[in-house]
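Source file work.csv; content: CSV, C-alpha atoms and all ligand atoms.
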```
chain,number,residue,atom,x,y,z
R,15,MET,CA,-69.1,35.0,-2.2
R,16,PRO,CA,-69.5,38.5,-0.8
R,17,GLU,CA,-67.8,39.0,2.6
R,18,ASP,CA,-70.4,41.4,4.0
R,19,SER,CA,-73.9,41.0,2.6
R,20,LYS,CA,-75.4,43.2,5.3
R,21,PHE,CA,-73.9,46.4,3.9
R,22,LYS,CA,-76.4,49.3,3.6
R,23,LEU,CA,-76.3,51.9,0.9
R,24,PRO,CA,-76.5,55.5,2.0
R,25,PHE,CA,-78.9,56.5,-0.8
R,26,GLU,CA,-81.4,54.7,-3.1
R,27,ASP,CA,-83.3,56.2,-6.0
R,28,GLY,CA,-86.6,55.0,-7.4
R,29,LEU,CA,-84.9,52.1,-9.2
R,30,GLY,CA,-82.9,51.1,-6.1
R,31,PHE,CA,-79.6,52.7,-7.1
R,32,CYS,CA,-77.1,54.8,-5.3
R,33,ASN,CA,-75.6,56.9,-8.0
R,34,ILE,CA,-71.9,58.0,-7.9
R,35,LEU,CA,-70.3,60.3,-10.4
R,36,LEU,CA,-66.5,60.9,-10.6
R,37,SER,CA,-65.5,63.9,-12.7
R,38,ALA,CA,-61.9,64.2,-13.6
R,39,ILE,CA,-59.6,64.7,-16.5
R,40,GLY,CA,-57.8,62.1,-18.6
R,41,GLY,CA,-54.8,60.7,-16.8
R,42,ASP,CA,-56.1,61.3,-13.3
R,43,GLY,CA,-56.9,57.6,-12.8
R,44,ALA,CA,-60.6,58.2,-12.1
R,45,ASN,CA,-61.5,55.2,-14.3
R,46,MET,CA,-59.1,53.0,-12.3
R,47,ALA,CA,-60.4,54.3,-9.0
R,48,ALA,CA,-64.0,53.7,-10.0
R,49,LYS,CA,-63.2,50.1,-11.2
R,50,MET,CA,-61.7,49.4,-7.8
R,51,LEU,CA,-64.7,50.9,-6.1
R,52,PHE,CA,-67.1,48.8,-8.1
R,53,LYS,CA,-65.0,45.6,-7.5
R,54,LEU,CA,-65.1,46.3,-3.8
R,55,GLY,CA,-68.8,46.9,-3.8
R,56,VAL,CA,-69.6,43.8,-5.7
R,57,MET,CA,-67.0,41.4,-4.3
R,58,LYS,CA,-66.7,42.5,-0.7
R,59,MET,CA,-70.0,44.3,0.2
R,60,GLY,CA,-72.4,42.0,-1.6
R,61,LEU,CA,-73.8,44.8,-3.8
R,62,ASP,CA,-74.8,44.7,-7.5
R,63,GLY,CA,-75.0,47.6,-10.0
R,64,GLY,CA,-73.5,49.1,-13.1
R,65,TYR,CA,-70.4,50.9,-14.3
R,66,ASP,CA,-69.9,53.4,-17.1
R,67,ALA,CA,-67.0,55.5,-18.2
R,68,LYS,CA,-66.7,58.2,-20.9
R,69,TYR,CA,-63.5,60.0,-21.7
R,70,GLY,CA,-61.6,61.6,-24.5
R,71,SER,CA,-57.9,61.6,-25.2
R,72,GLU,CA,-55.8,61.8,-22.0
R,73,LYS,CA,-53.2,63.5,-24.0
R,74,LYS,CA,-55.4,66.5,-24.4
R,75,GLY,CA,-56.5,66.5,-20.7
R,76,THR,CA,-60.1,66.0,-21.7
R,77,PRO,CA,-62.9,65.6,-19.1
R,78,THR,CA,-63.5,62.1,-17.9
R,79,ASP,CA,-66.9,61.1,-16.4
R,80,VAL,CA,-67.1,57.8,-14.6
R,81,SER,CA,-70.4,56.6,-13.2
R,82,VAL,CA,-70.9,53.8,-10.6
R,83,ARG,CA,-74.3,52.8,-9.6
R,84,PHE,CA,-74.8,50.4,-6.7
R,85,CYS,CA,-77.9,48.5,-5.7
R,86,ARG,CA,-78.8,45.8,-3.3
R,87,ASP,CA,-78.0,42.3,-4.6
R,88,GLY,CA,-81.2,41.0,-6.2
R,89,THR,CA,-82.4,44.4,-7.4
R,90,VAL,CA,-83.4,44.2,-11.1
R,91,VAL,CA,-80.9,46.5,-13.0
R,92,ARG,CA,-83.2,48.7,-15.0
R,93,SER,CA,-80.8,51.6,-15.9
R,94,VAL,CA,-77.5,51.7,-17.7
R,95,GLY,CA,-75.0,54.3,-19.0
R,96,PRO,CA,-73.8,57.5,-17.4
R,97,THR,CA,-75.6,58.7,-14.3
R,98,THR,CA,-77.6,61.9,-14.8
R,99,HIS,CA,-78.7,62.2,-11.1
R,100,PRO,CA,-75.8,61.6,-8.7
R,101,HIS,CA,-76.2,61.2,-5.0
R,102,ILE,CA,-72.5,61.4,-4.6
R,103,LEU,CA,-70.3,63.6,-6.7
R,104,VAL,CA,-66.5,63.3,-6.7
R,105,ALA,CA,-64.7,66.3,-8.4
R,106,PHE,CA,-61.0,65.6,-9.0
R,107,HIS,CA,-60.4,69.3,-9.8
R,108,GLU,CA,-62.3,72.2,-8.3
R,109,SER,CA,-61.9,73.9,-11.7
R,110,LEU,CA,-64.2,71.4,-13.3
R,111,ILE,CA,-67.2,72.4,-11.2
R,112,LYS,CA,-68.0,75.5,-13.2
R,113,ILE,CA,-66.8,74.3,-16.6
R,114,LEU,CA,-68.9,71.2,-16.5
R,115,ARG,CA,-71.7,72.6,-14.3
R,116,LEU,CA,-71.4,69.7,-11.9
R,117,ASN,CA,-74.4,70.7,-9.8
R,118,LYS,CA,-76.8,69.7,-12.6
R,119,GLY,CA,-78.9,66.7,-11.7
R,120,LEU,CA,-77.6,66.4,-8.1
R,121,TYR,CA,-80.1,65.1,-5.6
R,122,PRO,CA,-81.0,67.1,-2.5
R,123,ASN,CA,-78.7,66.2,0.4
R,124,ALA,CA,-76.0,65.0,-2.0
R,125,ILE,CA,-72.5,64.3,-0.8
R,126,VAL,CA,-69.8,66.1,-2.7
R,127,ILE,CA,-66.1,65.3,-2.4
R,128,VAL,CA,-63.8,67.9,-4.0
R,129,ASN,CA,-60.0,68.1,-4.4
R,130,SER,CA,-59.5,71.6,-3.1
R,131,THR,CA,-57.6,73.7,-0.6
R,132,LYS,CA,-60.7,75.8,-0.2
R,133,ALA,CA,-63.2,75.5,2.7
R,134,PRO,CA,-66.4,73.6,2.1
R,135,GLU,CA,-68.4,76.8,2.5
R,136,LYS,CA,-66.5,78.4,-0.4
R,137,ILE,CA,-67.0,75.2,-2.6
R,138,ARG,CA,-70.7,75.3,-1.8
R,139,ASP,CA,-70.9,78.8,-3.4
R,140,ILE,CA,-68.8,77.8,-6.4
R,141,LEU,CA,-70.9,74.6,-6.9
R,142,GLU,CA,-74.2,76.4,-6.0
R,143,LEU,CA,-75.2,73.3,-4.1
R,144,HIS,CA,-78.8,73.1,-3.1
R,145,SER,CA,-78.2,71.0,0.0
R,146,GLY,CA,-76.0,68.3,1.4
R,147,GLN,CA,-72.5,67.7,2.6
R,148,ILE,CA,-69.3,69.0,1.1
R,149,ILE,CA,-65.9,67.3,1.9
R,150,CYS,CA,-62.8,69.1,0.8
R,151,LEU,CA,-59.3,67.6,0.8
R,152,ASP,CA,-56.0,68.6,-0.8
R,153,ALA,CA,-55.7,65.4,-2.7
R,154,SER,CA,-53.0,66.8,-5.0
R,155,LYS,CA,-50.7,67.6,-2.1
R,156,ILE,CA,-51.5,64.2,-0.4
R,157,ALA,CA,-50.6,62.4,-3.6
R,158,GLU,CA,-47.4,64.3,-3.9
R,159,GLU,CA,-46.3,63.9,-0.3
R,160,THR,CA,-47.1,60.2,-0.2
R,161,ARG,CA,-45.7,59.5,-3.7
R,162,SER,CA,-49.1,58.1,-4.6
R,163,ARG,CA,-51.5,59.2,-7.3
R,164,LEU,CA,-54.4,61.7,-7.2
R,165,ASN,CA,-57.0,58.9,-7.5
R,166,MET,CA,-56.0,57.3,-4.2
R,167,PRO,CA,-57.0,60.0,-1.8
R,168,MET,CA,-60.2,60.6,-3.8
R,169,LEU,CA,-61.0,56.9,-3.7
R,170,ALA,CA,-60.2,56.8,0.0
R,171,MET,CA,-62.8,59.5,0.8
R,172,LEU,CA,-65.3,57.8,-1.4
R,173,CYS,CA,-64.9,54.5,0.4
R,174,ASN,CA,-65.1,56.4,3.7
R,175,VAL,CA,-68.4,58.1,2.7
R,176,LEU,CA,-69.8,54.8,1.7
R,177,LYS,CA,-68.6,53.3,5.0
R,178,PHE,CA,-66.8,50.5,3.3
R,179,PRO,CA,-64.7,48.8,6.0
R,180,THR,CA,-61.2,50.3,6.0
R,181,GLU,CA,-59.5,46.9,6.4
R,182,ALA,CA,-61.2,45.4,3.4
R,183,VAL,CA,-60.4,48.5,1.3
R,184,GLU,CA,-56.7,48.6,2.3
R,185,LYS,CA,-56.4,44.8,1.6
R,186,ALA,CA,-57.9,45.2,-1.9
R,187,VAL,CA,-55.6,48.2,-2.7
R,188,GLU,CA,-52.5,46.3,-1.5
R,189,LYS,CA,-53.5,43.3,-3.7
R,190,GLN,CA,-54.2,45.4,-6.8
R,191,TRP,CA,-51.1,47.6,-6.6
R,192,PRO,CA,-48.5,45.6,-4.6
R,193,LYS,CA,-45.5,47.8,-5.6
R,194,ALA,CA,-47.3,51.0,-4.6
R,195,ALA,CA,-49.1,49.6,-1.6
R,196,GLU,CA,-47.2,51.6,1.1
R,197,ALA,CA,-47.7,54.9,-0.8
R,198,ASN,CA,-51.3,54.2,-1.5
R,199,ILE,CA,-52.2,53.2,2.0
R,200,ALA,CA,-50.4,56.4,3.3
R,201,ALA,CA,-52.5,58.4,0.9
R,202,PHE,CA,-55.7,56.7,2.1
R,203,LYS,CA,-54.9,57.6,5.7
R,204,ALA,CA,-53.8,61.1,5.0
R,205,ALA,CA,-57.0,61.7,3.0
R,206,VAL,CA,-59.4,60.5,5.8
R,207,ASN,CA,-57.4,62.4,8.5
R,208,SER,CA,-57.2,65.7,6.7
R,209,ALA,CA,-60.6,66.2,5.1
R,210,GLN,CA,-62.8,69.2,6.0
R,211,LYS,CA,-66.5,68.5,6.1
R,212,ALA,CA,-69.6,70.8,6.3
R,213,GLU,CA,-73.3,70.2,6.1
R,214,PHE,CA,-75.6,72.5,4.2
R,215,PRO,CA,-79.3,72.0,5.0
R,216,GLU,CA,-81.9,73.2,2.5
R,217,ASP,CA,-81.9,76.9,3.1
R,218,GLY,CA,-83.2,78.3,-0.1
R,219,LYS,CA,-79.8,79.8,-1.1
R,220,TYR,CA,-79.5,77.8,-4.3
R,221,PRO,CA,-82.2,76.0,-6.3
R,222,LEU,CA,-82.0,72.4,-7.4
R,223,VAL,CA,-80.6,72.3,-10.9
R,224,PRO,CA,-82.2,69.8,-13.2
R,225,PHE,CA,-80.0,67.6,-15.4
R,226,SER,CA,-79.5,68.9,-18.9
R,227,ARG,CA,-77.1,68.0,-21.7
R,228,VAL,CA,-74.9,71.1,-21.6
R,229,ARG,CA,-73.5,71.5,-25.0
R,230,GLY,CA,-76.3,72.9,-27.2
R,231,GLU,CA,-73.7,74.2,-29.7
R,232,LEU,CA,-72.3,70.8,-30.7
R,233,GLY,CA,-73.8,67.9,-32.6
R,234,TYR,CA,-74.7,66.6,-36.1
R,235,LEU,CA,-77.7,68.9,-36.3
R,236,ASN,CA,-75.7,72.1,-36.1
R,237,ALA,CA,-72.1,71.1,-37.1
R,238,LEU,CA,-70.3,73.5,-39.5
R,239,PRO,CA,-70.5,72.7,-43.3
R,240,GLY,CA,-68.5,69.6,-44.1
R,241,GLY,CA,-69.4,68.1,-40.7
R,242,ALA,CA,-66.5,70.0,-39.0
R,243,ILE,CA,-66.7,71.4,-35.6
R,244,GLU,CA,-64.7,74.2,-34.2
R,245,ALA,CA,-62.3,72.0,-32.5
R,246,LEU,CA,-60.0,74.7,-31.2
R,247,LYS,CA,-62.9,76.4,-29.5
R,248,TYR,CA,-63.5,73.4,-27.4
R,249,SER,CA,-60.0,72.0,-27.1
R,250,THR,CA,-58.6,71.5,-23.7
R,251,VAL,CA,-55.1,71.1,-25.1
R,252,LYS,CA,-53.8,73.9,-22.8
R,253,ARG,CA,-55.2,72.3,-19.7
R,254,ASN,CA,-52.5,71.4,-17.2
R,255,ASN,CA,-52.5,67.7,-16.7
R,256,SER,CA,-49.4,67.5,-14.4
R,257,GLU,CA,-51.4,66.1,-11.5
R,258,ALA,CA,-51.4,62.8,-13.4
R,259,ARG,CA,-47.6,62.6,-13.2
R,260,GLN,CA,-46.2,59.8,-11.1
R,261,GLY,CA,-42.7,61.0,-10.8
R,262,PRO,CA,-40.5,64.0,-11.5
R,263,CYS,CA,-40.3,65.6,-15.0
R,264,PRO,CA,-36.9,64.9,-16.6
R,265,ILE,CA,-34.5,67.8,-17.0
R,266,PHE,CA,-33.5,68.5,-20.6
R,267,ASN,CA,-30.3,70.0,-21.8
R,268,GLU,CA,-30.5,71.2,-25.4
R,269,ASP,CA,-26.7,71.6,-25.8
R,270,GLU,CA,-26.2,67.9,-25.2
R,271,CYS,CA,-29.1,66.6,-27.3
R,272,THR,CA,-28.3,65.0,-30.7
R,273,ASN,CA,-31.9,65.1,-31.8
R,274,CYS,CA,-31.9,61.4,-32.4
R,275,GLY,CA,-35.6,61.1,-31.6
R,276,MET,CA,-35.2,58.0,-29.4
R,277,CYS,CA,-37.0,59.7,-26.5
R,278,MET,CA,-40.1,60.3,-28.7
R,279,THR,CA,-40.4,56.6,-29.6
R,280,VAL,CA,-40.8,55.5,-26.0
R,281,CYS,CA,-42.7,58.4,-24.4
R,282,ALA,CA,-45.8,57.3,-22.4
R,283,ASP,CA,-47.5,60.5,-23.6
R,284,PRO,CA,-45.9,61.7,-26.9
R,285,GLY,CA,-47.6,65.1,-26.3
R,286,ALA,CA,-45.1,65.5,-23.5
R,287,ILE,CA,-42.1,65.8,-25.8
R,288,SER,CA,-42.0,68.9,-27.9
R,289,TRP,CA,-40.4,68.6,-31.3
R,290,LYS,CA,-40.1,71.4,-33.8
R,291,ASP,CA,-38.1,71.7,-37.1
R,292,LYS,CA,-36.6,68.3,-36.5
R,293,LYS,CA,-35.3,69.3,-33.1
R,294,MET,CA,-36.1,68.2,-29.7
R,295,GLN,CA,-37.4,71.2,-27.8
R,296,GLY,CA,-37.9,69.8,-24.3
R,297,VAL,CA,-40.4,68.1,-22.0
R,298,ASP,CA,-43.7,69.7,-21.3
R,299,PRO,CA,-44.4,69.3,-17.6
R,300,SER,CA,-48.2,69.6,-18.2
R,301,PHE,CA,-48.3,66.2,-20.0
R,302,CYS,CA,-45.2,64.3,-18.8
R,303,LYS,CA,-46.1,61.3,-16.7
R,304,GLY,CA,-42.7,61.1,-15.0
R,305,CYS,CA,-42.1,57.5,-16.2
R,306,MET,CA,-38.4,58.1,-17.1
R,307,ARG,CA,-38.6,55.9,-20.2
R,308,CYS,CA,-37.1,58.7,-22.2
R,309,VAL,CA,-34.2,59.1,-19.7
R,310,VAL,CA,-33.5,55.3,-19.9
R,311,ILE,CA,-33.4,55.1,-23.7
R,312,CYS,CA,-31.6,58.4,-24.3
R,313,PRO,CA,-28.1,57.7,-25.7
R,314,ARG,CA,-27.0,60.9,-23.8
R,315,THR,CA,-28.6,60.0,-20.5
R,316,GLY,CA,-27.4,62.2,-17.7
R,317,ARG,CA,-26.5,64.9,-20.2
R,318,ALA,CA,-29.4,65.5,-22.7
R,319,LEU,CA,-32.1,64.0,-20.4
R,320,ARG,CA,-31.6,63.6,-16.7
R,321,ASP,CA,-33.8,62.2,-13.8
R,322,PRO,CA,-33.7,65.0,-11.3
R,323,HIS,CA,-34.0,62.5,-8.4
R,324,LYS,CA,-30.8,60.6,-9.4
R,325,LYS,CA,-27.3,61.8,-8.5
R,326,GLU,CA,-25.0,62.9,-11.3
R,327,GLU,CA,-22.2,60.6,-10.3
R,328,LYS,CA,-24.3,57.6,-11.2
R,329,THR,CA,-25.1,58.9,-14.7
R,330,GLN,CA,-21.5,59.9,-15.3
R,331,GLN,CA,-20.4,56.3,-14.3
R,332,LYS,CA,-23.0,55.0,-16.8
R,333,ASP,CA,-21.4,57.2,-19.5
R,334,LYS,CA,-18.0,55.8,-18.7
R,335,ASN,CA,-19.4,52.2,-18.8
R,336,THR,CA,-21.0,52.9,-22.2
R,337,LYS,CA,-17.8,54.3,-23.6
R,338,ALA,CA,-15.8,51.3,-22.3
R,339,LEU,CA,-18.3,48.9,-23.9
R,340,SER,CA,-18.2,50.7,-27.3
R,341,ARG,CA,-14.3,50.5,-27.5
N,401,LIG,S1,-33.1,60.6,-26.9
N,401,LIG,FE1,-31.8,62.1,-25.9
N,401,LIG,S2,-30.4,62.8,-27.5
N,401,LIG,FE2,-32.1,61.7,-28.5
N,401,LIG,S3,-33.5,63.4,-29.0
N,401,LIG,FE3,-34.2,62.6,-27.1
N,401,LIG,S4,-33.1,63.9,-25.6
N,401,LIG,FE4,-32.1,64.2,-27.5
N,402,LIG,S1,-40.7,60.9,-18.4
N,402,LIG,FE1,-40.1,61.1,-20.6
N,402,LIG,S2,-41.1,59.3,-21.5
N,402,LIG,FE2,-42.1,59.6,-19.6
N,402,LIG,S3,-43.9,60.9,-20.1
N,402,LIG,FE3,-42.2,62.3,-19.4
N,402,LIG,S4,-41.3,62.9,-21.3
N,402,LIG,FE4,-42.5,61.0,-21.8
```

Have the structure of the file written as structure tokens, please.
Ligand code: SF4
Ligand code: SF4
Amino acid sequence: MPEDSKFKLPFEDGLGFCNILLSAIGGDGANMAAKMLFKLGVMKMGLDGGYDAKYGSEKKGTPTDVSVRFCRDGTVVRSVGPTTHPHILVAFHESLIKILRLNKGLYPNAIVIVNSTKAPEKIRDILELHSGQIICLDASKIAEETRSRLNMPMLAMLCNVLKFPTEAVEKAVEKQWPKAAEANIAAFKAAVNSAQKAEFPEDGKYPLVPFSRVRGELGYLNALPGGAIEALKYSTVKRNNSEARQGPCPIFNEDECTNCGMCMTVCADPGAISWKDKKMQGVDPSFCKGCMRCVVICPRTGRALRDPHKKEEKTQQKDKNTKALSR
């Protein structure tokens, strides 16, 4: 049973929905954050609604759009799929605003949460927001300083905007991620305390931008002969995905590596380990998740691959132990 059936949504469209769009790149945890938000809305606030996520390969850092739509319990759910008209937009990276034209379809007086070090006034100009409120927070820095993840400060702001009770939110976060509870709660508090907000009334500076499907160049009607598309033109392979990392990037020492390939077999994101001409080239910090599986499995741990947070003496001791065992 919902704990708070009196909860009021800040917006409602003609079908009774409050539409929320999270725009991120693979690996940011936007999908996980949205699932948590939806669970909170339904289980704790007595809401109903729908949920939709679309994303490409996280290894390529591709855009991830997650839509959450809330309505009052008892409203007939007459719309599904990705939202085309958000009341609340959450941009995990300021750089996505222009690339994905995130202002399209936004309602007047929308609320926009952006991970950025810039002032809300500057973000309004980048987004070309018609009207509404912009909230900026340096979520990347918060995640790094609290040893949490980027999705936690963004989720914190979103819950704050929706006026979900802090206690209920923190309890749910603790229950969902018990091992990371302290870091996540610290990230929640830092996000709410450091956010910069500004209101922009309708002043005629920017028009409302209707929703449109952006990519006119792509599709089965106009694909190249053979059905191919110019993949390289649209690839986001060079996009830096390092904000999705949960720990440090291992240090690689080529001189100590035997090119056994063990690290490759366990890597959480095989794109993170560069391999060329049958030789290990190193770890790409853009894709590495910092899980340290490669360091653990590497037969030359502490030499070929090293956790920068661990002291050398420990790894040297491990080497001695390994040698003693193999005698
Ligand atoms: S597991 Fe260690 S030794 Fe083997 S290829 Fe990877 S870094 Fe080199
Ligand atoms: S720490 Fe190692 S195993 Fe984990 S993602 Fe980075 S390179 Fe891959």

* Which residues, written as a PyMOL selection string, have at least one atom at most 9 Å from R:Ser226, with all atoms listed in the file counted and residues fewer than 6 positions away on the same chain left out? -> chain R and resi 98+118-119

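Point (-65.1, 71.0, 1.3) has the following residues at most 8 Å away: Val126, Ile127, Val128, Ser130, Lys132, Ala133, Pro134, Glu135, Lys136, Ile137, Arg138, Ile148, Ile149, Cys150, Leu151, Ala209, Gln210, Lys211 and Ala212 of chain R (atoms considered: only C-alpha atoms).
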
* For R:Cys271: contacts at 8 Å, only C-alpha atoms, fewer than 6 positions along chain excluded, given as a list in words -> Met294, Arg314, Arg317, Ala318 and Leu319 of chain R

* Please extract the residues at most 10 Å from ligand LIG 401 (chain N), counting only C-alpha atoms and all ligand atoms, and provide them as a PyMOL selection string, using the chain letters and residue numbers of this document. => chain R and resi 264-281+287+289+292-297+307-320

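The space separating atom CA of R:Gly88 from atom CA of R:Ala47 comes to 24.8 Å.
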
* **Separation of atom CA of R:Asn123 from atom CA of R:Asp217 in Å** =>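 Atom CA of R:Asn123 lies at a distance of 11.5 Å from atom CA of R:Asp217.
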
* Asked: Taking into account all atoms listed in the file, which residue in the set R:Lys177, R:Gly63, R:Ala195, R:Ala205 is nearest to R:Asn129?
  ->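 Ranked by minimum distance to R:Asn129, first place goes to R:Ala205.
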
* Structure fact -> Counting all atoms listed in the file, closest pick from R:Arg86, R:Lys22, R:Lys53, R:Lys324 relative to R:Ala182 is R:Lys53

* Asked: Between R:Phe225, R:Tyr65, R:Phe214, R:Trp191, which one has atoms that come closest to R:Ile34, using all atoms listed in the file?
  ->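 Among the listed residues, R:Tyr65 lies closest to R:Ile34.
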
* Which residue gives the smallest distance to R:Ala186 among R:Ile102, R:Phe52, R:Gly40, R:Glu26, with all atoms listed in the file counted? ->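 Looking at the shortest contact to R:Ala186, the residue is R:Phe52.
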
* Give me, please, the distance in Å between atom CA of R:Gly30 and atom CA of R:Lys185, quoted to one decimal. =>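 The value is 28.3 Å.
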
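Among the candidates R:Asn174, R:Pro322, R:Lys303, R:Asn198, the one nearest to ligand LIG 402 (chain N) when counting only C-alpha atoms and all ligand atoms is R:Lys303.
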
* Closest to ligand LIG 402 (chain N) among R:Lys49, R:Lys219, R:Gly146, R:Gly41, using all atoms listed in the file? -> R:Gly41

How would you write as a compact mmCIF listing (two decimals) with C-alpha atoms, keeping the file's coordinate frame the residues that get within 12 Å of (-62.9, 50.1, 4.6) in the file's frame, counting only C-alpha atoms?
```
# COMPACT_ATOMS: atom_id res chain seq x y z
CA ASP R 18 -70.40 41.40 4.00
CA PHE R 21 -73.90 46.40 3.90
CA LEU R 51 -64.70 50.90 -6.10
CA LEU R 54 -65.10 46.30 -3.80
CA GLY R 55 -68.80 46.90 -3.80
CA LYS R 58 -66.70 42.50 -0.70
CA MET R 59 -70.00 44.30 0.20
CA LEU R 169 -61.00 56.90 -3.70
CA ALA R 170 -60.20 56.80 0.00
CA MET R 171 -62.80 59.50 0.80
CA LEU R 172 -65.30 57.80 -1.40
CA CYS R 173 -64.90 54.50 0.40
CA ASN R 174 -65.10 56.40 3.70
CA VAL R 175 -68.40 58.10 2.70
CA LEU R 176 -69.80 54.80 1.70
CA LYS R 177 -68.60 53.30 5.00
CA PHE R 178 -66.80 50.50 3.30
CA PRO R 179 -64.70 48.80 6.00
CA THR R 180 -61.20 50.30 6.00
CA GLU R 181 -59.50 46.90 6.40
CA ALA R 182 -61.20 45.40 3.40
CA VAL R 183 -60.40 48.50 1.30
CA GLU R 184 -56.70 48.60 2.30
CA LYS R 185 -56.40 44.80 1.60
CA ALA R 186 -57.90 45.20 -1.90
CA VAL R 187 -55.60 48.20 -2.70
CA ILE R 199 -52.20 53.20 2.00
CA PHE R 202 -55.70 56.70 2.10
CA LYS R 203 -54.90 57.60 5.70
CA VAL R 206 -59.40 60.50 5.80
```

* Asked: Residues at most 12 Å from R:Thr89, counting only C-alpha atoms, excluding those fewer than 3 positions away in the same chain, as a PyMOL selection string?
  -> chain R and resi 26-32+60-64+83-86+92-93

Give the padded box for ligand LIG 402 (chain N) as AutoDock Vina command-line options: axis-aligned, covering all atoms listed in the file, 8 Å on each side, centre and edge lengths in Å to one decimal.
```
--center_x -42.0 --center_y 61.1 --center_z -20.1 --size_x 19.8 --size_y 19.6 --size_z 19.4
```
